[in-house]
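Notes follow once the structure below has been shown.
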Amino acid sequence: MAAPTPNRPRIVGDPSGPSPPYPLRMSGRVISGFGRGSKELGIPTANLPVDDAQTPWISSTPSGVYFGWAALRLPAGHPDAAALPAEPAEPAGPRQGAANGFRVYPMVMSIGYNPFYKNTVRSAEVHILHRFRSDFYGAELRLLVLGFVREEKDYSSLDALVADIWFDCDVAKRSLARKGWAPRGVHVAVGLPKGGDGDGKSGSEEGEKAEEEEEEAVVVVRDGELDGEWLIRPSELVDEQEEKKE
């Protein structure tokens, strides 16, 4: 089992919350990517188009790993959509993890070329820190990018790459489990590593084991201080079924 790059901080950012140029916004429908996330890395990703016209900040943003919140609006037929909690009786009160069909999750994302795979096309690959029961291509996804984790780098082995990715996830969770980094208006759940050692995992089996352990150490952050209204506002995209009718 490979170890993550040594001497990396486990928490990034000031406790009070993100500082400029963050937060950054990105949204769109989930598209298919390189197909490596689940098959080779054991870390499934949701990809968004890298479009300078719609996301002008992305062309000048250094390649690397970032973290923040993902708001996902699953289609009605998705097995995880049925698990969404009902809207609260008091509209002014905090939403229990969901609003307007969106569910908010912690996320890490890679922006760049991934030197290990020698990509020639710049991509934005998002790992939502939640285990889903099936794919959700075409679903509406919003990202609120709050900070930078590390630069992208090449690796001597696949195990070393995966170890750093799992450490990235650990950094994101620890950093987001603070009121200054949690969105107002919605309760968010962050699974922190049981035991708190935060060591990287080097394969899909190891990663699944880590996620199972995290489920036993979930921290629910209420009364967050971050302006996250954009994450849960009504959908800005027309449903595909409505598009077909037109």
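Residue names in the structure tokens use chain letters A, B, ... in the order shown, residue numbers from 1 in each chain, and ligand numbers from 1 in the order shown.
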
- Message: So that I can check the surroundings of Ala139 (chain A), please list as a PyMOL selection string every protein, DNA and RNA residue that reaches within 12 Å of it, counting only C-alpha atoms and ignoring chain neighbours fewer than 6 positions away.
- Response: chain A and resi 27-32+46-48+71-78+81+101-103+235+237-240

Skip region 126-137 of chain A itself and residues of its chain fewer than 3 positions away, then list as a tab-separated table (two decimals) with all heavy atoms, in the first residue's frame all residues within 10 Å of it, counting only C-alpha atoms.
```tsv
chain	number	residue	atom	x	y	z
A	29	ARG	N	-24.60	20.04	-16.77
A	29	ARG	CA	-25.05	18.66	-16.70
A	29	ARG	C	-23.84	17.73	-16.70
A	29	ARG	O	-22.85	17.99	-17.40
A	29	ARG	CB	-25.97	18.32	-17.87
A	29	ARG	CG	-27.31	19.06	-17.83
A	29	ARG	CD	-28.31	18.44	-18.78
A	29	ARG	NE	-29.54	19.20	-18.84
A	29	ARG	CZ	-30.53	19.10	-17.96
A	29	ARG	NH1	-30.41	18.26	-16.94
A	29	ARG	NH2	-31.63	19.81	-18.09
A	30	VAL	N	-23.94	16.67	-15.94
A	30	VAL	CA	-22.85	15.70	-15.83
A	30	VAL	C	-22.66	14.99	-17.17
A	30	VAL	O	-23.61	14.51	-17.78
A	30	VAL	CB	-23.15	14.68	-14.72
A	30	VAL	CG1	-22.06	13.62	-14.66
A	30	VAL	CG2	-23.28	15.38	-13.37
A	31	ILE	N	-21.41	14.93	-17.62
A	31	ILE	CA	-21.07	14.27	-18.88
A	31	ILE	C	-20.15	13.09	-18.59
A	31	ILE	O	-19.58	12.96	-17.50
A	31	ILE	CB	-20.38	15.24	-19.86
A	31	ILE	CG1	-19.07	15.78	-19.25
A	31	ILE	CG2	-21.32	16.39	-20.22
A	31	ILE	CD1	-18.24	16.61	-20.21
A	32	SER	N	-20.00	12.22	-19.58
A	32	SER	CA	-19.07	11.09	-19.42
A	32	SER	C	-17.64	11.60	-19.54
A	32	SER	O	-17.37	12.56	-20.27
A	32	SER	CB	-19.35	10.02	-20.48
A	32	SER	OG	-19.21	10.57	-21.78
A	37	GLY	N	-12.22	6.61	-13.39
A	37	GLY	CA	-12.48	6.83	-11.98
A	37	GLY	C	-12.88	5.60	-11.23
A	37	GLY	O	-12.26	5.23	-10.23
A	43	ILE	N	-12.46	5.41	-7.49
A	43	ILE	CA	-12.90	6.73	-7.04
A	43	ILE	C	-13.73	7.34	-8.16
A	43	ILE	O	-13.20	8.03	-9.03
A	43	ILE	CB	-11.70	7.63	-6.68
A	43	ILE	CG1	-10.82	6.95	-5.64
A	43	ILE	CG2	-12.16	8.99	-6.18
A	43	ILE	CD1	-9.50	7.63	-5.39
A	44	PRO	N	-15.04	7.07	-8.20
A	44	PRO	CA	-15.86	7.56	-9.32
A	44	PRO	C	-15.91	9.07	-9.38
A	44	PRO	O	-15.90	9.75	-8.35
A	44	PRO	CB	-17.24	6.97	-9.01
A	44	PRO	CG	-17.22	6.70	-7.54
A	44	PRO	CD	-15.81	6.34	-7.20
A	45	THR	N	-15.96	9.60	-10.60
A	45	THR	CA	-16.00	11.04	-10.79
A	45	THR	C	-17.20	11.44	-11.65
A	45	THR	O	-17.69	10.68	-12.47
A	45	THR	CB	-14.72	11.56	-11.47
A	45	THR	OG1	-14.56	10.92	-12.75
A	45	THR	CG2	-13.50	11.30	-10.60
A	46	ALA	N	-17.67	12.67	-11.41
A	46	ALA	CA	-18.70	13.28	-12.23
A	46	ALA	C	-18.04	14.43	-12.98
A	46	ALA	O	-17.45	15.31	-12.36
A	46	ALA	CB	-19.84	13.79	-11.35
A	47	ASN	N	-18.11	14.41	-14.29
A	47	ASN	CA	-17.42	15.41	-15.09
A	47	ASN	C	-18.37	16.50	-15.58
A	47	ASN	O	-19.52	16.24	-15.90
A	47	ASN	CB	-16.76	14.75	-16.31
A	47	ASN	CG	-15.60	13.86	-15.92
A	47	ASN	OD1	-15.58	13.28	-14.85
A	47	ASN	ND2	-14.62	13.77	-16.78
A	48	LEU	N	-17.82	17.72	-15.64
A	48	LEU	CA	-18.53	18.85	-16.22
A	48	LEU	C	-17.72	19.38	-17.41
A	48	LEU	O	-16.49	19.29	-17.40
A	48	LEU	CB	-18.73	19.97	-15.20
A	48	LEU	CG	-19.78	19.75	-14.11
A	48	LEU	CD1	-19.80	20.93	-13.16
A	48	LEU	CD2	-21.17	19.54	-14.71
A	65	VAL	N	-5.85	20.35	-7.50
A	65	VAL	CA	-6.98	19.76	-6.79
A	65	VAL	C	-7.62	20.83	-5.91
A	65	VAL	O	-6.93	21.54	-5.19
A	65	VAL	CB	-6.54	18.55	-5.95
A	65	VAL	CG1	-7.72	17.98	-5.16
A	65	VAL	CG2	-5.92	17.47	-6.83
A	66	TYR	N	-8.95	20.90	-5.97
A	66	TYR	CA	-9.73	21.89	-5.22
A	66	TYR	C	-10.80	21.17	-4.40
A	66	TYR	O	-11.05	19.98	-4.60
A	66	TYR	CB	-10.36	22.88	-6.19
A	66	TYR	CG	-9.35	23.71	-6.96
A	66	TYR	CD1	-8.69	23.20	-8.07
A	66	TYR	CD2	-9.03	25.01	-6.55
A	66	TYR	CE1	-7.73	23.94	-8.75
A	66	TYR	CE2	-8.09	25.77	-7.23
A	66	TYR	CZ	-7.44	25.23	-8.32
A	66	TYR	OH	-6.49	25.97	-8.99
A	67	PHE	N	-11.45	21.91	-3.51
A	67	PHE	CA	-12.50	21.30	-2.70
A	67	PHE	C	-13.63	22.29	-2.48
A	67	PHE	O	-13.48	23.51	-2.67
A	67	PHE	CB	-11.95	20.81	-1.36
A	67	PHE	CG	-11.66	21.92	-0.38
A	67	PHE	CD1	-12.53	22.20	0.66
A	67	PHE	CD2	-10.51	22.70	-0.49
A	67	PHE	CE1	-12.27	23.21	1.58
A	67	PHE	CE2	-10.23	23.72	0.41
A	67	PHE	CZ	-11.12	23.98	1.46
A	68	GLY	N	-14.78	21.77	-2.08
A	68	GLY	CA	-15.94	22.62	-1.83
A	68	GLY	C	-17.19	21.79	-1.70
A	68	GLY	O	-17.17	20.65	-1.22
A	69	TRP	N	-18.30	22.35	-2.18
A	69	TRP	CA	-19.60	21.69	-2.08
A	69	TRP	C	-20.17	21.42	-3.47
A	69	TRP	O	-19.98	22.22	-4.38
A	69	TRP	CB	-20.59	22.55	-1.29
A	69	TRP	CG	-20.16	22.80	0.12
A	69	TRP	CD1	-19.59	23.93	0.63
A	69	TRP	CD2	-20.25	21.88	1.20
A	69	TRP	NE1	-19.32	23.77	1.96
A	69	TRP	CE2	-19.71	22.53	2.35
A	69	TRP	CE3	-20.72	20.57	1.34
A	69	TRP	CZ2	-19.63	21.91	3.60
A	69	TRP	CZ3	-20.64	19.96	2.58
A	69	TRP	CH2	-20.12	20.62	3.69
A	70	ALA	N	-20.87	20.30	-3.58
A	70	ALA	CA	-21.56	19.95	-4.82
A	70	ALA	C	-23.05	19.84	-4.51
A	70	ALA	O	-23.45	19.20	-3.53
A	70	ALA	CB	-21.04	18.62	-5.36
A	71	ALA	N	-23.88	20.47	-5.33
A	71	ALA	CA	-25.33	20.33	-5.23
A	71	ALA	C	-25.80	19.55	-6.45
A	71	ALA	O	-25.59	19.98	-7.59
A	71	ALA	CB	-26.00	21.70	-5.16
A	72	LEU	N	-26.41	18.41	-6.21
A	72	LEU	CA	-26.78	17.50	-7.29
A	72	LEU	C	-28.30	17.35	-7.32
A	72	LEU	O	-28.94	17.11	-6.29
A	72	LEU	CB	-26.12	16.14	-7.07
A	72	LEU	CG	-26.35	15.07	-8.13
A	72	LEU	CD1	-25.76	15.49	-9.47
A	72	LEU	CD2	-25.75	13.74	-7.67
A	73	ARG	N	-28.86	17.50	-8.52
A	73	ARG	CA	-30.31	17.32	-8.72
A	73	ARG	C	-30.51	16.05	-9.54
A	73	ARG	O	-30.37	16.04	-10.76
A	73	ARG	CB	-30.89	18.53	-9.44
A	73	ARG	CG	-32.41	18.51	-9.64
A	73	ARG	CD	-32.88	19.86	-10.15
A	73	ARG	NE	-34.30	19.87	-10.43
A	73	ARG	CZ	-34.82	19.75	-11.66
A	73	ARG	NH1	-34.02	19.65	-12.71
A	73	ARG	NH2	-36.11	19.77	-11.83
A	74	LEU	N	-30.81	14.97	-8.83
A	74	LEU	CA	-30.96	13.68	-9.47
A	74	LEU	C	-32.30	13.56	-10.20
A	74	LEU	O	-33.30	14.13	-9.73
A	74	LEU	CB	-30.84	12.56	-8.43
A	74	LEU	CG	-29.48	12.39	-7.77
A	74	LEU	CD1	-29.59	11.43	-6.59
A	74	LEU	CD2	-28.44	11.89	-8.76
A	75	PRO	N	-32.34	12.82	-11.31
A	75	PRO	CA	-33.62	12.59	-11.98
A	75	PRO	C	-34.54	11.75	-11.10
A	75	PRO	O	-34.08	10.99	-10.24
A	75	PRO	CB	-33.22	11.86	-13.26
A	75	PRO	CG	-31.90	11.24	-12.95
A	75	PRO	CD	-31.21	12.17	-12.00
A	78	HIS	N	-33.84	7.96	-10.46
A	78	HIS	CA	-32.58	7.50	-9.87
A	78	HIS	C	-32.84	6.89	-8.50
A	78	HIS	O	-33.64	7.40	-7.71
A	78	HIS	CB	-31.62	8.68	-9.74
A	78	HIS	CG	-30.21	8.28	-9.43
A	78	HIS	ND1	-29.79	7.96	-8.15
A	78	HIS	CD2	-29.13	8.12	-10.24
A	78	HIS	CE1	-28.52	7.64	-8.17
A	78	HIS	NE2	-28.09	7.73	-9.43
A	79	PRO	N	-32.18	5.75	-8.17
A	79	PRO	CA	-32.45	5.08	-6.89
A	79	PRO	C	-32.14	5.93	-5.66
A	79	PRO	O	-32.72	5.71	-4.60
A	79	PRO	CB	-31.53	3.84	-6.94
A	79	PRO	CG	-30.53	4.12	-8.01
A	79	PRO	CD	-31.22	4.99	-8.99
A	80	ASP	N	-31.25	6.90	-5.78
A	80	ASP	CA	-30.94	7.75	-4.63
A	80	ASP	C	-31.89	8.95	-4.52
A	80	ASP	O	-31.91	9.61	-3.48
A	80	ASP	CB	-29.50	8.26	-4.72
A	80	ASP	CG	-28.49	7.15	-4.47
A	80	ASP	OD1	-28.47	6.63	-3.35
A	80	ASP	OD2	-27.75	6.81	-5.40
A	104	VAL	N	-26.95	18.47	-1.17
A	104	VAL	CA	-25.62	19.07	-1.06
A	104	VAL	C	-24.64	18.10	-0.42
A	104	VAL	O	-24.93	17.53	0.64
A	104	VAL	CB	-25.68	20.38	-0.25
A	104	VAL	CG1	-24.30	21.02	-0.15
A	104	VAL	CG2	-26.68	21.36	-0.88
A	105	TYR	N	-23.48	17.91	-1.07
A	105	TYR	CA	-22.46	16.98	-0.61
A	105	TYR	C	-21.08	17.65	-0.63
A	105	TYR	O	-20.83	18.54	-1.44
A	105	TYR	CB	-22.36	15.76	-1.53
A	105	TYR	CG	-23.65	15.02	-1.78
A	105	TYR	CD1	-24.45	15.32	-2.88
A	105	TYR	CD2	-24.05	13.99	-0.93
A	105	TYR	CE1	-25.62	14.62	-3.13
A	105	TYR	CE2	-25.22	13.28	-1.17
A	105	TYR	CZ	-26.00	13.60	-2.28
A	105	TYR	OH	-27.16	12.91	-2.53
A	106	PRO	N	-20.17	17.21	0.22
A	106	PRO	CA	-18.77	17.63	0.09
A	106	PRO	C	-18.20	17.08	-1.22
A	106	PRO	O	-18.64	16.04	-1.73
A	106	PRO	CB	-18.08	17.01	1.30
A	106	PRO	CG	-19.16	16.55	2.20
A	106	PRO	CD	-20.35	16.28	1.35
A	107	MET	N	-17.20	17.76	-1.76
A	107	MET	CA	-16.59	17.27	-3.00
A	107	MET	C	-15.13	17.71	-3.09
A	107	MET	O	-14.71	18.69	-2.47
A	107	MET	CB	-17.36	17.75	-4.23
A	107	MET	CG	-17.34	19.24	-4.48
A	107	MET	SD	-15.90	19.77	-5.48
A	107	MET	CE	-16.12	21.55	-5.52
A	108	VAL	N	-14.37	16.96	-3.87
A	108	VAL	CA	-13.04	17.38	-4.31
A	108	VAL	C	-13.07	17.34	-5.84
A	108	VAL	O	-13.81	16.55	-6.43
A	108	VAL	CB	-11.90	16.49	-3.78
A	108	VAL	CG1	-11.72	16.67	-2.29
A	108	VAL	CG2	-12.14	15.02	-4.11
A	109	MET	N	-12.29	18.21	-6.47
A	109	MET	CA	-12.27	18.20	-7.93
A	109	MET	C	-10.86	18.45	-8.44
A	109	MET	O	-10.07	19.16	-7.83
A	109	MET	CB	-13.23	19.24	-8.50
A	109	MET	CG	-12.83	20.67	-8.27
A	109	MET	SD	-14.04	21.86	-8.95
A	109	MET	CE	-13.99	21.49	-10.71
A	110	SER	N	-10.58	17.81	-9.57
A	110	SER	CA	-9.30	17.98	-10.23
A	110	SER	C	-9.52	18.79	-11.50
A	110	SER	O	-10.38	18.46	-12.32
A	110	SER	CB	-8.70	16.61	-10.59
A	110	SER	OG	-7.58	16.74	-11.43
A	111	ILE	N	-8.76	19.86	-11.65
A	111	ILE	CA	-8.79	20.67	-12.86
A	111	ILE	C	-7.41	20.57	-13.51
A	111	ILE	O	-6.40	20.86	-12.86
A	111	ILE	CB	-9.11	22.15	-12.54
A	111	ILE	CG1	-10.48	22.28	-11.88
A	111	ILE	CG2	-9.06	22.99	-13.81
A	111	ILE	CD1	-10.81	23.69	-11.43
A	123	SER	N	-9.55	18.91	-18.25
A	123	SER	CA	-10.83	18.42	-17.75
A	123	SER	C	-11.11	18.92	-16.35
A	123	SER	O	-10.20	19.36	-15.64
A	123	SER	CB	-10.86	16.88	-17.77
A	123	SER	OG	-9.88	16.36	-16.87
A	140	GLU	N	-28.27	17.62	-13.22
A	140	GLU	CA	-27.79	18.99	-13.00
A	140	GLU	C	-26.87	19.02	-11.79
A	140	GLU	O	-27.22	18.53	-10.71
A	140	GLU	CB	-28.97	19.93	-12.80
A	140	GLU	CG	-28.58	21.40	-12.70
A	140	GLU	CD	-29.77	22.33	-12.61
A	140	GLU	OE1	-30.92	21.85	-12.74
A	140	GLU	OE2	-29.56	23.55	-12.40
A	141	LEU	N	-25.69	19.60	-11.97
A	141	LEU	CA	-24.68	19.65	-10.92
A	141	LEU	C	-24.18	21.08	-10.75
A	141	LEU	O	-23.86	21.74	-11.73
A	141	LEU	CB	-23.51	18.72	-11.27
A	141	LEU	CG	-22.32	18.68	-10.31
A	141	LEU	CD1	-22.73	18.12	-8.95
A	141	LEU	CD2	-21.19	17.82	-10.90
A	143	LEU	N	-21.35	23.41	-8.50
A	143	LEU	CA	-20.16	23.33	-7.66
A	143	LEU	C	-19.86	24.70	-7.07
A	143	LEU	O	-19.86	25.70	-7.78
A	143	LEU	CB	-18.95	22.87	-8.48
A	143	LEU	CG	-19.08	21.55	-9.23
A	143	LEU	CD1	-17.81	21.30	-10.04
A	143	LEU	CD2	-19.35	20.39	-8.29
A	165	ILE	N	-5.03	10.92	-3.69
A	165	ILE	CA	-6.43	11.28	-3.90
A	165	ILE	C	-7.24	11.03	-2.64
A	165	ILE	O	-8.06	11.86	-2.23
A	165	ILE	CB	-7.03	10.51	-5.09
A	165	ILE	CG1	-6.36	10.95	-6.40
A	165	ILE	CG2	-8.54	10.75	-5.17
A	165	ILE	CD1	-6.81	10.16	-7.61
A	169	CYS	N	-9.32	13.76	-0.27
A	169	CYS	CA	-10.68	13.63	0.26
A	169	CYS	C	-10.70	13.91	1.76
A	169	CYS	O	-11.61	14.58	2.28
A	169	CYS	CB	-11.23	12.23	-0.01
A	169	CYS	SG	-11.41	11.82	-1.77
A	170	ASP	N	-9.70	13.39	2.46
A	170	ASP	CA	-9.58	13.61	3.89
A	170	ASP	C	-9.43	15.10	4.20
A	170	ASP	O	-10.08	15.65	5.10
A	170	ASP	CB	-8.39	12.81	4.43
A	170	ASP	CG	-8.21	12.94	5.93
A	170	ASP	OD1	-9.20	13.19	6.63
A	170	ASP	OD2	-7.07	12.77	6.40
A	172	ALA	N	-10.38	17.64	2.36
A	172	ALA	CA	-11.64	18.32	2.06
A	172	ALA	C	-12.63	18.15	3.20
A	172	ALA	O	-13.27	19.12	3.64
A	172	ALA	CB	-12.22	17.80	0.76
A	173	LYS	N	-12.78	16.94	3.69
A	173	LYS	CA	-13.76	16.68	4.75
A	173	LYS	C	-13.41	17.44	6.03
A	173	LYS	O	-14.28	18.08	6.65
A	173	LYS	CB	-13.82	15.18	5.03
A	173	LYS	CG	-14.40	14.37	3.89
A	173	LYS	CD	-14.19	12.90	4.14
A	173	LYS	CE	-14.67	12.07	2.96
A	173	LYS	NZ	-14.38	10.63	3.14
A	189	ALA	N	-23.80	16.95	5.83
A	189	ALA	CA	-23.15	15.85	6.54
A	189	ALA	C	-21.76	15.63	5.96
A	189	ALA	O	-21.59	15.56	4.74
A	189	ALA	CB	-23.98	14.58	6.42
A	190	VAL	N	-20.78	15.52	6.83
A	190	VAL	CA	-19.40	15.28	6.43
A	190	VAL	C	-18.89	14.05	7.17
A	190	VAL	O	-18.88	14.04	8.41
A	190	VAL	CB	-18.50	16.50	6.75
A	190	VAL	CG1	-17.08	16.25	6.27
A	190	VAL	CG2	-19.06	17.76	6.12
A	191	GLY	N	-18.48	13.03	6.43
A	191	GLY	CA	-17.96	11.82	7.06
A	191	GLY	C	-16.48	11.94	7.35
A	191	GLY	O	-15.67	11.96	6.43
A	208	GLU	N	-13.43	1.60	-0.37
A	208	GLU	CA	-14.76	1.25	0.10
A	208	GLU	C	-14.75	0.98	1.59
A	208	GLU	O	-15.67	1.34	2.32
A	208	GLU	CB	-15.27	0.02	-0.67
A	208	GLU	CG	-15.60	0.33	-2.13
A	208	GLU	CD	-16.01	-0.91	-2.88
A	208	GLU	OE1	-16.08	-1.99	-2.24
A	208	GLU	OE2	-16.26	-0.83	-4.09
A	211	GLU	N	-14.75	4.28	3.34
A	211	GLU	CA	-16.06	4.93	3.32
A	211	GLU	C	-16.99	4.30	4.34
A	211	GLU	O	-17.79	4.99	4.98
A	211	GLU	CB	-16.67	4.86	1.93
A	211	GLU	CG	-15.96	5.77	0.92
A	211	GLU	CD	-16.66	5.78	-0.42
A	211	GLU	OE1	-17.68	5.08	-0.54
A	211	GLU	OE2	-16.18	6.46	-1.32
A	212	GLU	N	-16.92	2.97	4.49
A	212	GLU	CA	-17.76	2.31	5.49
A	212	GLU	C	-17.41	2.80	6.88
A	212	GLU	O	-18.29	3.00	7.73
A	212	GLU	CB	-17.56	0.79	5.40
A	212	GLU	CG	-18.17	0.19	4.13
A	212	GLU	CD	-17.82	-1.27	3.98
A	212	GLU	OE1	-17.11	-1.79	4.86
A	212	GLU	OE2	-18.25	-1.89	3.00
A	215	GLU	N	-18.85	6.29	7.60
A	215	GLU	CA	-20.27	6.36	7.88
A	215	GLU	C	-20.54	6.29	9.38
A	215	GLU	O	-21.59	6.70	9.85
A	215	GLU	CB	-21.00	5.23	7.14
A	215	GLU	CG	-21.03	5.42	5.63
A	215	GLU	CD	-21.59	4.22	4.91
A	215	GLU	OE1	-21.95	3.25	5.59
A	215	GLU	OE2	-21.66	4.25	3.68
```

Spatial neighbours of Leu24 (chain A), 9 Å, only C-alpha atoms, chain gap at least 3 places, as a compact mmCIF listing (two decimals) with C-alpha atoms, in the first residue's frame:
```
# COMPACT_ATOMS: atom_id res chain seq x y z
CA PRO A 21 -10.94 34.58 -5.20
CA TRP A 57 -12.45 31.80 -14.25
CA LEU A 143 -20.16 23.33 -7.66
CA LEU A 144 -19.14 25.90 -5.10
CA VAL A 145 -15.34 25.76 -5.14
CA LEU A 146 -13.96 27.04 -1.84
CA GLY A 147 -10.25 26.42 -1.85
```

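For the pair CA of Ala3 (chain A) and CA of Ser157 (chain A), the interatomic distance is 11.3 Å.
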
- Compile the contact shell of Ser175 (chain A) as a list of chain:residue names: residues with an atom at most 8 Å away, counting only C-alpha atoms, same-chain residues fewer than 5 positions apart removed. A:Arg10, A:Ile11, A:Val12, A:Gly13, A:Trp181

- Can you tell me how far CA of Trp166 (chain A) sits from CA of Asn114 (chain A), in Å to one decimal?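 One can read the CA of Trp166 (chain A) to CA of Asn114 (chain A) distance as 15.7 Å.
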
- Message: Counting only C-alpha atoms, which residue out of A:Ala182, A:Ala124, A:Leu192, A:Ala163 sits closest to Glu229 (chain A)?
- Response: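 For Glu229 (chain A), the nearest of the candidates is A:Ala182.
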
- Query: So what do you get for CA of Lys179 (chain A) versus CA of Val220 (chain A), distance-wise?
  - Reply: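 We find that CA of Lys179 (chain A) and CA of Val220 (chain A) lie 10.4 Å from each other.
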
- Item | Distance query Pro6 (chain A) at most 12 Å, only C-alpha atoms, self and fewer than 3 positions along chain excluded, as a list in words | Ala2, Ala3, Pro9, Arg10, Ala160, Ala163, Asp164, Phe167, Asp199 and Gly200 of chain A

- Message: Can you pull out every residue from region 51-178 of chain A that DSSP, working from the backbone, puts in strand (DSSP E or B), and format the result as a ChimeraX atom specification?
- Response: /A:64-73,95,98-99,102-112,123-128,140-151

Would you mind exporting the chosen residues as a CSV table (one decimal), in the first residue's frame, restricted to N, CA and C atoms?
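Printed below is part-v8.csv as written:
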```
chain,number,residue,atom,x,y,z
A,64,GLY,N,-4.8,21.7,-10.7
A,64,GLY,CA,-4.6,21.2,-9.4
A,64,GLY,C,-5.9,20.6,-8.8
A,65,VAL,N,-5.8,20.3,-7.5
A,65,VAL,CA,-7.0,19.8,-6.8
A,65,VAL,C,-7.6,20.8,-5.9
A,66,TYR,N,-9.0,20.9,-6.0
A,66,TYR,CA,-9.7,21.9,-5.2
A,66,TYR,C,-10.8,21.2,-4.4
A,67,PHE,N,-11.4,21.9,-3.5
A,67,PHE,CA,-12.5,21.3,-2.7
A,67,PHE,C,-13.6,22.3,-2.5
A,68,GLY,N,-14.8,21.8,-2.1
A,68,GLY,CA,-15.9,22.6,-1.8
A,68,GLY,C,-17.2,21.8,-1.7
A,69,TRP,N,-18.3,22.3,-2.2
A,69,TRP,CA,-19.6,21.7,-2.1
A,69,TRP,C,-20.2,21.4,-3.5
A,70,ALA,N,-20.9,20.3,-3.6
A,70,ALA,CA,-21.6,19.9,-4.8
A,70,ALA,C,-23.1,19.8,-4.5
A,71,ALA,N,-23.9,20.5,-5.3
A,71,ALA,CA,-25.3,20.3,-5.2
A,71,ALA,C,-25.8,19.5,-6.4
A,72,LEU,N,-26.4,18.4,-6.2
A,72,LEU,CA,-26.8,17.5,-7.3
A,72,LEU,C,-28.3,17.3,-7.3
A,73,ARG,N,-28.9,17.5,-8.5
A,73,ARG,CA,-30.3,17.3,-8.7
A,73,ARG,C,-30.5,16.1,-9.5
A,95,ARG,N,-33.0,23.6,5.6
A,95,ARG,CA,-33.4,22.4,4.9
A,95,ARG,C,-32.5,21.3,5.3
A,98,ALA,N,-31.5,19.0,1.7
A,98,ALA,CA,-32.0,19.0,0.3
A,98,ALA,C,-33.0,20.2,0.2
A,99,ALA,N,-33.1,20.8,-1.0
A,99,ALA,CA,-34.0,21.8,-1.3
A,99,ALA,C,-34.2,22.0,-2.8
A,102,PHE,N,-32.4,19.5,-5.0
A,102,PHE,CA,-30.9,19.5,-4.9
A,102,PHE,C,-30.5,18.9,-3.5
A,103,ARG,N,-29.5,18.1,-3.6
A,103,ARG,CA,-28.9,17.5,-2.3
A,103,ARG,C,-27.4,18.0,-2.3
A,104,VAL,N,-27.0,18.5,-1.2
A,104,VAL,CA,-25.6,19.1,-1.1
A,104,VAL,C,-24.6,18.1,-0.4
A,105,TYR,N,-23.5,17.9,-1.1
A,105,TYR,CA,-22.5,17.0,-0.6
A,105,TYR,C,-21.1,17.7,-0.6
A,106,PRO,N,-20.2,17.2,0.2
A,106,PRO,CA,-18.8,17.6,0.1
A,106,PRO,C,-18.2,17.1,-1.2
A,107,MET,N,-17.2,17.8,-1.8
A,107,MET,CA,-16.6,17.3,-3.0
A,107,MET,C,-15.1,17.7,-3.1
A,108,VAL,N,-14.4,17.0,-3.9
A,108,VAL,CA,-13.0,17.4,-4.3
A,108,VAL,C,-13.1,17.3,-5.8
A,109,MET,N,-12.3,18.2,-6.5
A,109,MET,CA,-12.3,18.2,-7.9
A,109,MET,C,-10.9,18.4,-8.4
A,110,SER,N,-10.6,17.8,-9.6
A,110,SER,CA,-9.3,18.0,-10.2
A,110,SER,C,-9.5,18.8,-11.5
A,111,ILE,N,-8.8,19.9,-11.6
A,111,ILE,CA,-8.8,20.7,-12.9
A,111,ILE,C,-7.4,20.6,-13.5
A,112,GLY,N,-7.4,20.1,-14.8
A,112,GLY,CA,-6.1,20.0,-15.4
A,112,GLY,C,-6.0,18.9,-16.4
A,123,SER,N,-9.5,18.9,-18.2
A,123,SER,CA,-10.8,18.4,-17.8
A,123,SER,C,-11.1,18.9,-16.3
A,124,ALA,N,-12.4,18.8,-15.9
A,124,ALA,CA,-12.8,19.1,-14.6
A,124,ALA,C,-13.5,17.9,-14.1
A,125,GLU,N,-12.8,17.1,-13.2
A,125,GLU,CA,-13.3,15.9,-12.7
A,125,GLU,C,-13.7,16.0,-11.2
A,126,VAL,N,-14.9,15.7,-10.9
A,126,VAL,CA,-15.4,15.9,-9.5
A,126,VAL,C,-15.7,14.6,-8.8
A,127,HIS,N,-15.1,14.4,-7.7
A,127,HIS,CA,-15.5,13.3,-6.8
A,127,HIS,C,-16.4,13.7,-5.7
A,128,ILE,N,-17.7,13.4,-5.8
A,128,ILE,CA,-18.6,13.7,-4.7
A,128,ILE,C,-18.4,12.7,-3.6
A,140,GLU,N,-28.3,17.6,-13.2
A,140,GLU,CA,-27.8,19.0,-13.0
A,140,GLU,C,-26.9,19.0,-11.8
A,141,LEU,N,-25.7,19.6,-12.0
A,141,LEU,CA,-24.7,19.6,-10.9
A,141,LEU,C,-24.2,21.1,-10.8
A,142,ARG,N,-24.1,21.5,-9.5
A,142,ARG,CA,-23.6,22.9,-9.2
A,142,ARG,C,-22.4,22.7,-8.3
A,143,LEU,N,-21.3,23.4,-8.5
A,143,LEU,CA,-20.2,23.3,-7.7
A,143,LEU,C,-19.9,24.7,-7.1
A,144,LEU,N,-19.6,24.7,-5.8
A,144,LEU,CA,-19.1,25.9,-5.1
A,144,LEU,C,-17.7,25.6,-4.6
A,145,VAL,N,-16.8,26.1,-5.4
A,145,VAL,CA,-15.3,25.8,-5.1
A,145,VAL,C,-14.8,26.7,-4.1
A,146,LEU,N,-14.3,26.2,-3.0
A,146,LEU,CA,-14.0,27.0,-1.8
A,146,LEU,C,-12.5,27.2,-1.6
A,147,GLY,N,-11.7,26.3,-2.1
A,147,GLY,CA,-10.2,26.4,-1.9
A,147,GLY,C,-9.4,25.4,-2.6
A,148,PHE,N,-8.1,25.6,-2.5
A,148,PHE,CA,-7.1,24.8,-3.2
A,148,PHE,C,-6.5,23.8,-2.2
A,149,VAL,N,-6.3,22.6,-2.7
A,149,VAL,CA,-5.7,21.5,-1.9
A,149,VAL,C,-4.2,21.3,-2.3
A,150,ARG,N,-3.9,21.2,-3.6
A,150,ARG,CA,-2.6,20.9,-4.0
A,150,ARG,C,-2.4,21.1,-5.5
A,151,GLU,N,-1.2,21.2,-5.9
A,151,GLU,CA,-0.9,21.3,-7.4
A,151,GLU,C,-1.0,19.9,-8.0
```
